[in-house]
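Next comes input25.csv, a file with CSV, C-alpha atoms and all ligand atoms.
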```
chain,number,residue,atom,x,y,z
R,1,MET,CA,18.4,4.9,0.9
R,2,GLU,CA,18.7,6.4,-2.5
R,3,ALA,CA,15.6,7.1,-4.5
R,4,ALA,CA,16.2,4.6,-7.3
R,5,LYS,CA,16.5,1.8,-4.8
R,6,ILE,CA,13.4,2.9,-2.9
R,7,LYS,CA,11.3,2.2,-6.0
R,8,TYR,CA,12.3,-1.5,-6.1
R,9,ILE,CA,13.1,-2.6,-2.6
R,10,LEU,CA,11.8,-2.3,0.9
R,11,THR,CA,13.7,-1.4,4.0
R,12,GLN,CA,14.1,-4.1,6.7
R,13,GLN,CA,11.7,-2.2,8.9
R,14,GLN,CA,9.1,-2.1,6.1
R,15,ILE,CA,9.5,-5.9,5.5
R,16,GLU,CA,9.0,-6.6,9.2
R,17,LYS,CA,5.9,-4.4,9.4
R,18,PHE,CA,4.4,-5.9,6.2
R,19,CYS,CA,5.0,-9.5,7.4
R,20,ASP,CA,3.4,-8.6,10.7
R,21,ILE,CA,0.3,-7.0,9.1
R,22,MET,CA,-0.2,-9.7,6.5
R,23,GLY,CA,1.0,-12.7,8.6
R,24,VAL,CA,3.4,-13.9,5.9
R,25,ASP,CA,6.8,-15.6,6.3
R,26,GLN,CA,9.5,-13.0,6.7
R,27,ALA,CA,12.4,-15.1,5.3
R,28,ASN,CA,10.6,-15.5,2.0
R,29,VAL,CA,9.8,-11.8,1.7
R,30,GLU,CA,13.4,-10.9,2.5
R,31,GLN,CA,14.6,-13.2,-0.3
R,32,LEU,CA,12.1,-11.8,-2.8
R,33,ASN,CA,13.1,-8.3,-1.8
R,34,ALA,CA,16.8,-9.0,-2.3
R,35,LEU,CA,15.9,-10.3,-5.8
R,36,ARG,CA,13.9,-7.1,-6.4
R,37,CYS,CA,10.9,-9.2,-7.2
R,38,LEU,CA,8.4,-7.4,-4.9
R,39,ASN,CA,6.1,-4.7,-5.9
R,40,ALA,CA,7.7,-2.3,-3.4
R,41,GLU,CA,5.5,0.7,-4.3
R,42,TYR,CA,2.3,-1.3,-3.8
R,43,ILE,CA,3.5,-2.8,-0.5
R,44,ARG,CA,4.5,0.7,0.7
R,45,ASP,CA,1.0,1.9,-0.1
R,46,ILE,CA,-0.4,-0.8,2.2
R,47,LEU,CA,2.0,0.2,4.9
R,48,ILE,CA,1.2,3.9,4.7
R,49,GLN,CA,-2.5,3.3,4.8
R,50,HIS,CA,-2.0,1.0,7.8
R,51,ASP,CA,0.3,3.6,9.6
R,52,TYR,CA,-2.1,6.5,8.9
R,53,HIS,CA,-5.1,4.5,10.2
R,54,GLU,CA,-3.2,3.4,13.4
R,55,LEU,CA,-1.9,6.9,14.1
R,56,THR,CA,-5.2,8.8,13.4
R,57,LYS,CA,-7.1,6.3,15.4
R,58,GLY,CA,-4.8,7.1,18.3
R,59,ILE,CA,-5.1,10.9,18.0
R,60,GLU,CA,-7.3,11.1,21.1
R,61,TYR,CA,-5.0,8.8,23.0
R,62,LEU,CA,-1.9,10.9,22.0
R,63,GLN,CA,-3.7,14.0,23.3
R,64,THR,CA,-4.0,12.4,26.7
R,65,LEU,CA,-0.2,12.0,26.7
R,66,LYS,CA,0.0,15.7,25.8
R,67,LYS,CA,1.2,14.9,22.4
R,68,SER,CA,-1.5,16.5,20.3
R,69,TYR,CA,-0.5,15.8,16.7
R,70,ASN,CA,-3.0,16.8,14.0
R,71,TYR,CA,-3.7,15.0,10.7
R,72,SER,CA,-1.4,17.3,8.8
R,73,GLU,CA,1.5,16.6,11.1
R,74,ILE,CA,0.9,12.8,10.9
R,75,LYS,CA,1.0,13.1,7.1
R,76,LYS,CA,4.3,15.0,7.4
R,77,ALA,CA,5.7,12.4,9.6
R,78,LEU,CA,4.7,9.7,7.1
R,79,ALA,CA,6.3,11.6,4.2
R,80,LYS,CA,9.5,11.8,6.2
R,81,ALA,CA,9.5,8.1,7.2
R,82,TYR,CA,8.7,6.9,3.7
R,83,LYS,CA,10.8,9.5,2.0
R,84,MET,CA,7.9,10.4,-0.3
R,85,PRO,CA,6.3,13.8,-1.2
R,86,GLU,CA,3.2,14.7,0.9
R,87,ASN,CA,0.9,14.7,-2.1
R,88,GLU,CA,1.8,11.0,-2.8
R,89,ILE,CA,1.2,10.2,0.9
R,90,ASN,CA,-2.2,11.9,0.5
R,91,ALA,CA,-3.0,9.9,-2.6
R,92,SER,CA,-1.9,6.7,-0.9
R,93,ILE,CA,-4.1,7.4,2.2
R,94,GLN,CA,-7.1,8.2,0.1
R,95,GLY,CA,-6.5,5.0,-1.9
R,96,LYS,CA,-6.2,7.2,-5.0
R,97,ASN,CA,-2.7,6.3,-5.7
R,98,ASN,CA,-2.4,5.2,-9.3
R,99,LYS,CA,0.3,2.8,-8.2
R,100,THR,CA,-2.3,0.8,-6.5
R,101,MET,CA,-2.8,-2.1,-9.0
R,102,HIS,CA,-5.7,-4.4,-9.6
R,103,PHE,CA,-5.5,-7.6,-11.5
R,104,CYS,CA,-8.2,-9.9,-13.0
R,105,THR,CA,-8.8,-12.7,-10.4
R,106,LYS,CA,-9.3,-15.2,-13.3
R,107,CYS,CA,-6.6,-14.5,-15.8
R,108,GLY,CA,-4.3,-12.2,-14.0
R,109,LYS,CA,-4.5,-9.3,-16.5
R,110,ARG,CA,-4.1,-5.8,-15.1
R,111,ILE,CA,-7.3,-3.9,-14.8
R,112,THR,CA,-8.2,-0.4,-13.6
R,113,GLY,CA,-9.6,0.3,-10.1
R,114,LYS,CA,-12.9,1.4,-11.7
R,115,GLN,CA,-13.2,-1.9,-13.7
R,116,ASN,CA,-12.3,-3.8,-10.5
R,117,GLN,CA,-15.2,-2.2,-8.7
R,118,ARG,CA,-17.7,-2.7,-11.5
R,119,THR,CA,-16.9,-6.3,-12.3
R,120,ASN,CA,-15.9,-7.4,-8.8
R,121,GLY,CA,-12.3,-8.2,-9.9
R,122,LEU,CA,-12.7,-9.5,-13.5
R,123,CYS,CA,-11.3,-8.1,-16.7
R,124,SER,CA,-13.7,-7.5,-19.6
R,125,GLU,CA,-12.9,-10.7,-21.4
R,126,CYS,CA,-13.4,-12.9,-18.3
R,127,LEU,CA,-16.6,-11.0,-17.4
R,128,VAL,CA,-18.0,-11.8,-20.9
R,129,ASP,CA,-17.3,-15.5,-20.3
R,130,THR,CA,-19.6,-15.3,-17.2
R,131,LEU,CA,-22.6,-14.2,-19.3
R,132,ASP,CA,-25.2,-17.0,-19.8
R,133,LEU,CA,-26.5,-17.0,-23.3
E,201,ZN,ZN,-9.4,-11.8,-17.0
```

Target format structure tokens, applied to this file:
Amino acid sequence: MEAAKIKYILTQQQIEKFCDIMGVDQANVEQLNALRCLNAEYIRDILIQHDYHELTKGIEYLQTLKKSYNYSEIKKALAKAYKMPENEINASIQGKNNKTMHFCTKCGKRITGKQNQRTNGLCSECLVDTLDL
């Protein structure tokens, strides 16, 4: 798949994995994907984190099968599978990816990850509204 498309759409395999993890209806996601209405980068972030967790959790198990992958090899495999540079895979795994977006839970405005942590998901304006005077 060409790079420009990767930014906006998910592969069928990614859709299936996402629906499986999130328990959402696949037909709807496929439709939205075809319309390029999904935040593909954000969803891919979720998938990468999920894959990394699953794979590293299984490192000991893999060793018993005489398949001793290390963390760096797993990251390399993810970079290949998602056609992304390893530094982006790293950022994604560490949750540091600036493509991970946060939105105010009240008004929907985009907020930073730092703000999200500080206010438990509210933008500054909505946080002000919660102050009792
Ligand atoms: Zn708000």

Quick one: contact table of chain R to ligand ZN 201 (chain E), 8 Å max, nearest atom pair and distance in Å to one decimal per residue, counting only C-alpha atoms and all ligand atoms, chain and number order, as a tab-separated table?
```
residue	atom	partner	partner_atom	distance
R:Phe103	CA	E:ZN201	ZN	7.9
R:Cys104	CA	E:ZN201	ZN	4.6
R:Thr105	CA	E:ZN201	ZN	6.7
R:Lys106	CA	E:ZN201	ZN	5.0
R:Cys107	CA	E:ZN201	ZN	4.1
R:Gly108	CA	E:ZN201	ZN	5.9
R:Lys109	CA	E:ZN201	ZN	5.5
R:Leu122	CA	E:ZN201	ZN	5.3
R:Cys123	CA	E:ZN201	ZN	4.2
R:Ser124	CA	E:ZN201	ZN	6.6
R:Glu125	CA	E:ZN201	ZN	5.7
R:Cys126	CA	E:ZN201	ZN	4.3
R:Leu127	CA	E:ZN201	ZN	7.3
```

Pairwise distance, atom CA of Pro85 of chain R with atom CA of His50 of chain R, equals 17.7 Å

With all atoms listed in the file as the counted atoms, please give the residues lying no more than 9 Å from Lys7 of chain R, apart from itself and same-chain residues fewer than 5 positions off, as a compact mmCIF listing (two decimals) with C-alpha atoms, keeping the file's coordinate frame.
```txt
# COMPACT_ATOMS: atom_id res chain seq x y z
CA ASN R 39 6.10 -4.70 -5.90
CA ALA R 40 7.70 -2.30 -3.40
CA GLU R 41 5.50 0.70 -4.30
```

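The shortest atom-to-atom distance to Met101 of chain R, with all atoms listed in the file taken into account, belongs to R:Tyr42 out of R:Tyr8, R:Tyr52, R:Phe18, R:Tyr42.
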
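When atom CA of Leu35 of chain R is paired with atom CA of Lys17 of chain R, their separation reads 19.1 Å.
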
Mind giving me the straight-line distance from atom CA of Thr56 of chain R to atom CA of Asn120 of chain R in Å, one decimal?
29.5 Å

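Nearest to Gln94 of chain R of all the residues R:Arg36, R:Arg118, R:His53, R:Lys80 is R:His53, counting all atoms listed in the file.
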
Measuring between all atoms listed in the file, which one of R:Leu133, R:Ile9, R:Ile74, R:Ala79 shows the shortest distance to Glu30 of chain R?
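Checking each candidate against Glu30 of chain R, we get R:Ile9 as the closest.
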
For Lys83 of chain R, which residue out of R:Leu32, R:Asn116, R:Cys19, R:Leu10 is the nearest one, using all atoms listed in the file?
R:Leu10

Between R:Val128, R:Ala77, R:Val24, R:Ile43, which residue has the minimum interatomic distance to Thr11 of chain R, considering all atoms listed in the file?
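Of R:Val128, R:Ala77, R:Val24, R:Ile43, the one nearest Thr11 of chain R is R:Ile43, counting all atoms listed in the file.
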